[in-house]
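**Student:** Structure incoming, see below.
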Number of protein chains: 2
Amino acid sequence: MSVAIQTELTPAIRKLENAHPLTDGERRAIGSLPFSVRMLEAHQDIVRERDRPSQCCIILSGWAYRYKLLEEGKRQIVSLHVAGDLPDLHGVHLGAMDHALATLTGCRVAFIPHDSIRSLMSDSPSLAARLWRETLVDGSIYREWITCIGRRSAYCRIAHLFCEMYLKLSAVGLADDFRYDFAATQSDLGDALGLSNVHVNRVLQELRGQNLISLQGRKLVIRDWPELTKVAQFNPNYLYLQEPVAA
Amino acid sequence: MSVAIQTELTPAIRKLENAHPLTDGERRAIGSLPFSVRMLEAHQDIVRERDRPSQCCIILSGWAYRYKLLEEGKRQIVSLHVAGDLPDLHGVHLGAMDHALATLTGCRVAFIPHDSIRSLMSDSPSLAARLWRETLVDGSIYREWITCIGRRSAYCRIAHLFCEMYLKLSAVGLADDFRYDFAATQSDLGDALGLSNVHVNRVLQELRGQNLISLQGRKLVIRDWPELTKVAQFNPNYLYLQEPVAA
DNA sequence: CGCCTAGTTGACCAGGTTCAACAACGGTGG
DNA sequence: CCACCGTTGTTGAACCTGGTCAACTAGGCG
């Protein structure tokens with residue numbers, strides 16, 4: 001494996017090592033996977049609903065998201081993904097996609113054939129378990145999103161997402177000092193949280209007014225992490241990260 | 001394995017065979033698991049948030065649900081489970097529970113130690129894949145729920161859930177002829193769909209008024225399946241069942 | 001400069017919530 | 001057998017969070 005791709009895989013490796021470090025054998029197995037790396041433009045579908053993909057992907061850089069389209073043209077974003085994520089690993093075991101996967105920003109993406117993943121998993125049950133775990137953490141995040149959308153106010157939801165993405169990005173070294181690049185637009189935010197873009201705009205102003213965050217261009221700064229987590233009712237347990245951020 | 005437990009496991013087996021039939025070896029492996037069967041009362045926690053369970057369970061009969069509690073005492077139900085489901089399989093790979101699991105009705109439940117599951121999975125990678133698949137289908141259902149709660153009206157959401165549960169129950173032989181026992185109260189429904197019990201009540205009246213359903217006691221009858229699926233915007237793909245119901 | 005996307009604002013509206021009271025029902029004990 | 005009780009379902013009225021529509025502003029880029 002070239003040094004370049006090795007570096008690019010760092011976030012993914014870091015995630016897989018969340019439970020405990022990889023063995024040399026596991027590293028070798030990952031290194032021998034046939035990656036095909038591509039740079040994708042922003043706002044491009046990677047996989048569409050009803051597709052039957054024969055490969056899955058790793059996000060190397062940029063943000064991606066999964067979404068469903070409704071009859072009246074509405075969109076619901078069901079998850080956000082950053083470097084290190086394997087957003088369509090489920091394709092290995094499920095058939096036709098029940099949703100679509102797309103880039104939010106320009107993304108570097110590594111594709112791996114399902115067959116290679118399958119033989120990796122049968123060769124190394126421990127790696128299979130690690131990959132399974134990743135999909136289970138996805139499930140846990142879904143549960144939290146259901147709870148947010150179902151029972152929390154717009155103010156709380158938006159604050160919550162800022163906290164979530166901060167920890168997700170921190171875990172792969174892409175955020176620290178309570179700031180990061182927040183790639184989604186206000187419309188994207190609305191589609192992720194079940195809100196209109198107009199209302200997102202107003203709530204953002206309120207969050208700024210309370211001096212909890214600032215958000216200009218794509219730069220998000222969390223000005224008061226303790227207070228933000230409080231109004232967000234944010235409890236990081238559901239992310240199943242090993243090293244929760246200090247307050 | 002006794003004939004009794006074998007019969008009780010039928011729904012679970014049927015679910016695992018959704019992709020393709022079990023081999024004799026796989027059946028034997030399942031049969032040799034050490035089940036401990038218990039009858040639980042309605043409205044009882046099976047696992048609580050923050051617990052670190054050392055076993056997981058199979059619902060043999062009755063309805064169960066997973067939920068999260070919020071600070072102000074609100075509740076969000078994140079999934080409903082019926083006979084054949086393994087609602088806390090994720091515990092094998094994740095640590096402390098991020099949510100709770102409880103019975104909605106009286107339930108017969110089989111408990112299996114995680115260790116037994118783990119050795120089952122390392123002995124039979126194909127069974128491991130089947131179990132993994134179950135958790136992925138759960139994930140797919142979460143995505144649909146996020147979409148429902150985020151972007152669909154109350155009317156649509158309730159209709160959607162009635163369709164979903166009909167197919168889930170049909171798949172394990174617990175519903176046919178467009179009728180089944182709907183175990184949840186109106187408050188439960190509200191907590192699952194992000195609505196108040198009062199509004200659920202009103203929407204139910206409208207669904208009855210449109211002659212789409214009738215619901216008395218715990219008996220749900222779907223009076224007009226084509227129309228109900230239409231107003232629900234219901235597309236069964238996300239359930240990943242092999243034999244979709246005829247319209 | 002012109003175009004396009006993203007962000008912002010105001011006015012109005014509606015879906016859904018809250019509160020409070022009451023009805024229906026089933027189970028329990030006297 | 002009936003009185004009692006808790007749970008579930010039902011109704012009305014007032015309210016409010018957040019949606020819709022439409023117009024306008026601010027940036028970024030070729």
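Letters for chains follow the order of the structure tokens (A, B, ...), residue numbers begin at 1 for each chain, and ligand numbers begin at 1 in the order shown.
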Taking only C-alpha atoms (C1' of nucleotides) into account, which residues of chain A are within 9 Å of chain C, as a ChimeraX atom specification?
**Tutor:** /A:185-187,198,201-202
**Student:** Would you mind exporting N, CA and C atoms of the selected residues as a PDB file, in the first residue's frame?
**Tutor:**
```
ATOM      1  N   THR A 185     -25.183  23.548   4.299  1.00  0.00           N
ATOM      2  CA  THR A 185     -25.876  24.829   4.229  1.00  0.00           C
ATOM      3  C   THR A 185     -27.063  24.808   5.195  1.00  0.00           C
ATOM      4  N   GLN A 186     -27.725  25.948   5.309  1.00  0.00           N
ATOM      5  CA  GLN A 186     -28.896  26.008   6.184  1.00  0.00           C
ATOM      6  C   GLN A 186     -30.024  25.128   5.659  1.00  0.00           C
ATOM      7  N   SER A 187     -30.133  25.006   4.358  1.00  0.00           N
ATOM      8  CA  SER A 187     -31.142  24.105   3.789  1.00  0.00           C
ATOM      9  C   SER A 187     -30.816  22.654   4.099  1.00  0.00           C
ATOM     10  N   VAL A 198     -35.856  28.446   6.454  1.00  0.00           N
ATOM     11  CA  VAL A 198     -36.163  29.727   7.087  1.00  0.00           C
ATOM     12  C   VAL A 198     -36.050  29.629   8.607  1.00  0.00           C
ATOM     13  N   ASN A 201     -32.519  29.316   9.804  1.00  0.00           N
ATOM     14  CA  ASN A 201     -31.877  30.625   9.811  1.00  0.00           C
ATOM     15  C   ASN A 201     -32.172  31.385  11.101  1.00  0.00           C
ATOM     16  N   ARG A 202     -33.424  31.366  11.506  1.00  0.00           N
ATOM     17  CA  ARG A 202     -33.797  32.135  12.700  1.00  0.00           C
ATOM     18  C   ARG A 202     -33.203  31.547  13.964  1.00  0.00           C
TER      19      ARG A 202
END
```
**Student:** Would you mind listing, for every residue of chain B within 9 Å of chain A, the two atoms forming the shortest contact and the distance between them in Å to one decimal, using only C-alpha atoms, sorted by chain and ascending residue number, as CSV?
**Tutor:**
```
residue,atom,partner,partner_atom,distance
B:Arg50,CA,A:Asn237,CA,8.9
B:Tyr67,CA,A:Thr147,CA,8.7
B:Lys68,CA,A:Thr147,CA,7.2
B:Leu69,CA,A:Thr147,CA,8.9
B:Leu70,CA,A:Gln233,CA,8.1
B:Glu71,CA,A:Gln233,CA,7.5
B:Lys74,CA,A:Arg151,CA,7.2
B:Arg75,CA,A:Arg151,CA,7.6
B:Gln76,CA,A:Thr147,CA,5.6
B:Ile77,CA,A:Thr147,CA,7.8
B:Val78,CA,A:Arg143,CA,5.9
B:Ser79,CA,A:Arg143,CA,8.6
B:His90,CA,A:Leu136,CA,6.3
B:His93,CA,A:Arg133,CA,5.8
B:Leu94,CA,A:Arg133,CA,7.0
B:Gly95,CA,A:Tyr240,CA,7.8
B:Ala96,CA,A:Asn237,CA,8.2
B:Met97,CA,A:Tyr238,CA,8.2
B:Asp98,CA,A:Tyr238,CA,5.3
B:His99,CA,A:Arg143,CA,8.5
B:Met121,CA,A:Pro125,CA,8.6
B:Ser122,CA,A:Pro125,CA,6.7
B:Pro125,CA,A:Ser122,CA,6.7
B:Ser126,CA,A:Ser122,CA,8.9
B:Ala129,CA,A:His93,CA,7.4
B:Arg130,CA,A:His93,CA,8.3
B:Trp132,CA,A:Trp132,CA,6.9
B:Arg133,CA,A:His93,CA,5.8
B:Thr135,CA,A:Leu136,CA,7.3
B:Leu136,CA,A:His90,CA,6.3
B:Val137,CA,A:Leu94,CA,7.9
B:Asp138,CA,A:Gly139,CA,7.7
B:Gly139,CA,A:Gly139,CA,5.3
B:Ser140,CA,A:Asp98,CA,7.3
B:Tyr142,CA,A:Tyr142,CA,6.1
B:Arg143,CA,A:Val78,CA,5.9
B:Glu144,CA,A:Lys68,CA,8.4
B:Trp145,CA,A:Ile146,CA,7.0
B:Ile146,CA,A:Ile146,CA,5.4
B:Thr147,CA,A:Gln76,CA,5.6
B:Cys148,CA,A:Gln76,CA,8.8
B:Ile149,CA,A:Gly150,CA,6.2
B:Gly150,CA,A:Gly194,CA,4.1
B:Arg151,CA,A:Gly194,CA,5.9
B:Arg152,CA,A:Leu70,CA,8.7
B:Asp191,CA,A:Gly150,CA,8.0
B:Ala192,CA,A:Gly150,CA,8.0
B:Leu193,CA,A:Gly150,CA,6.6
B:Gly194,CA,A:Gly150,CA,4.0
B:Leu195,CA,A:Gly150,CA,7.5
B:Gln233,CA,A:Glu71,CA,7.5
B:Asn237,CA,A:Asp98,CA,6.4
B:Tyr238,CA,A:Asp98,CA,5.3
B:Leu239,CA,A:Asp98,CA,8.9
B:Tyr240,CA,A:Leu94,CA,7.5
```
**Student:** For chain A, report every residue with an atom at most 10 Å from chain D (counting only C-alpha atoms (C1' of nucleotides)), formatted as a list in words.
**Tutor:**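 Interface list for chain A against chain D: Ser153, Ala154, Leu195, Ser196, Asn197, Val198, His199, Val200 and Gly217 of chain A.
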**Student:** Hey, can you spit out that residue selection with C-alpha atoms as a PDB file, in the first residue's frame?
**Tutor:**
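Listed below is the output, part_38.pdb:
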```pdb
ATOM      1  CA  SER A 153     -37.263  21.735  19.778  1.00  0.00           C
ATOM      2  CA  ALA A 154     -35.567  23.218  16.741  1.00  0.00           C
ATOM      3  CA  LEU A 195     -37.044  21.900   9.663  1.00  0.00           C
ATOM      4  CA  SER A 196     -37.465  24.574   7.005  1.00  0.00           C
ATOM      5  CA  ASN A 197     -34.446  26.565   5.926  1.00  0.00           C
ATOM      6  CA  VAL A 198     -36.163  29.727   7.087  1.00  0.00           C
ATOM      7  CA  HIS A 199     -36.573  28.440  10.592  1.00  0.00           C
ATOM      8  CA  VAL A 200     -33.015  27.137  10.681  1.00  0.00           C
ATOM      9  CA  GLY A 217     -18.923  31.056   5.761  1.00  0.00           C
TER      10      GLY A 217
END
```
**Student:** Among segment 64-236 of chain A, which residues carry a DSSP assignment of strand (DSSP E), reported as a ChimeraX atom specification?
**Tutor:** /A:64-69,75-81,100-103,107-113,179-181,213-216,219-222
**Student:** Within 12 Å of Phe162 of chain B, counting only C-alpha atoms (C1' of nucleotides), which residues show up once you throw out same-chain ones fewer than 3 positions away? Write them as a ChimeraX atom specification, please.
**Tutor:** /B:80,155-159,165-169,175,178-184,189,193,204,207,212-215,219-225,228-229,231-234
**Student:** Just to confirm, what's the straight-line distance from atom CA of Asp51 of chain B to atom CA of Pro87 of chain B in Å (one decimal)?
**Tutor:**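 Interatomic distance, atom CA of Asp51 of chain B to atom CA of Pro87 of chain B: 14.8 Å.
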**Student:** For the structure I just gave you, how does DSSP split segment 30-134 of chain A - specifically, which residues are alpha helix (DSSP H)? Reply as a count of residues only.
**Tutor:** 22
**Student:** Nearest to Gly62 of chain A: which of A:Thr23, A:Thr103, A:Gln44, A:Ser36 is it, counting only C-alpha atoms?
**Tutor:** A:Thr103
**Student:** Between B:Val82, B:Cys163, B:Ile112, B:Asp45, which is the closest to Lys15 of chain B once you count only C-alpha atoms?
**Tutor:**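 Once distances to Lys15 of chain B are computed over only C-alpha atoms, the minimum belongs to B:Val82.
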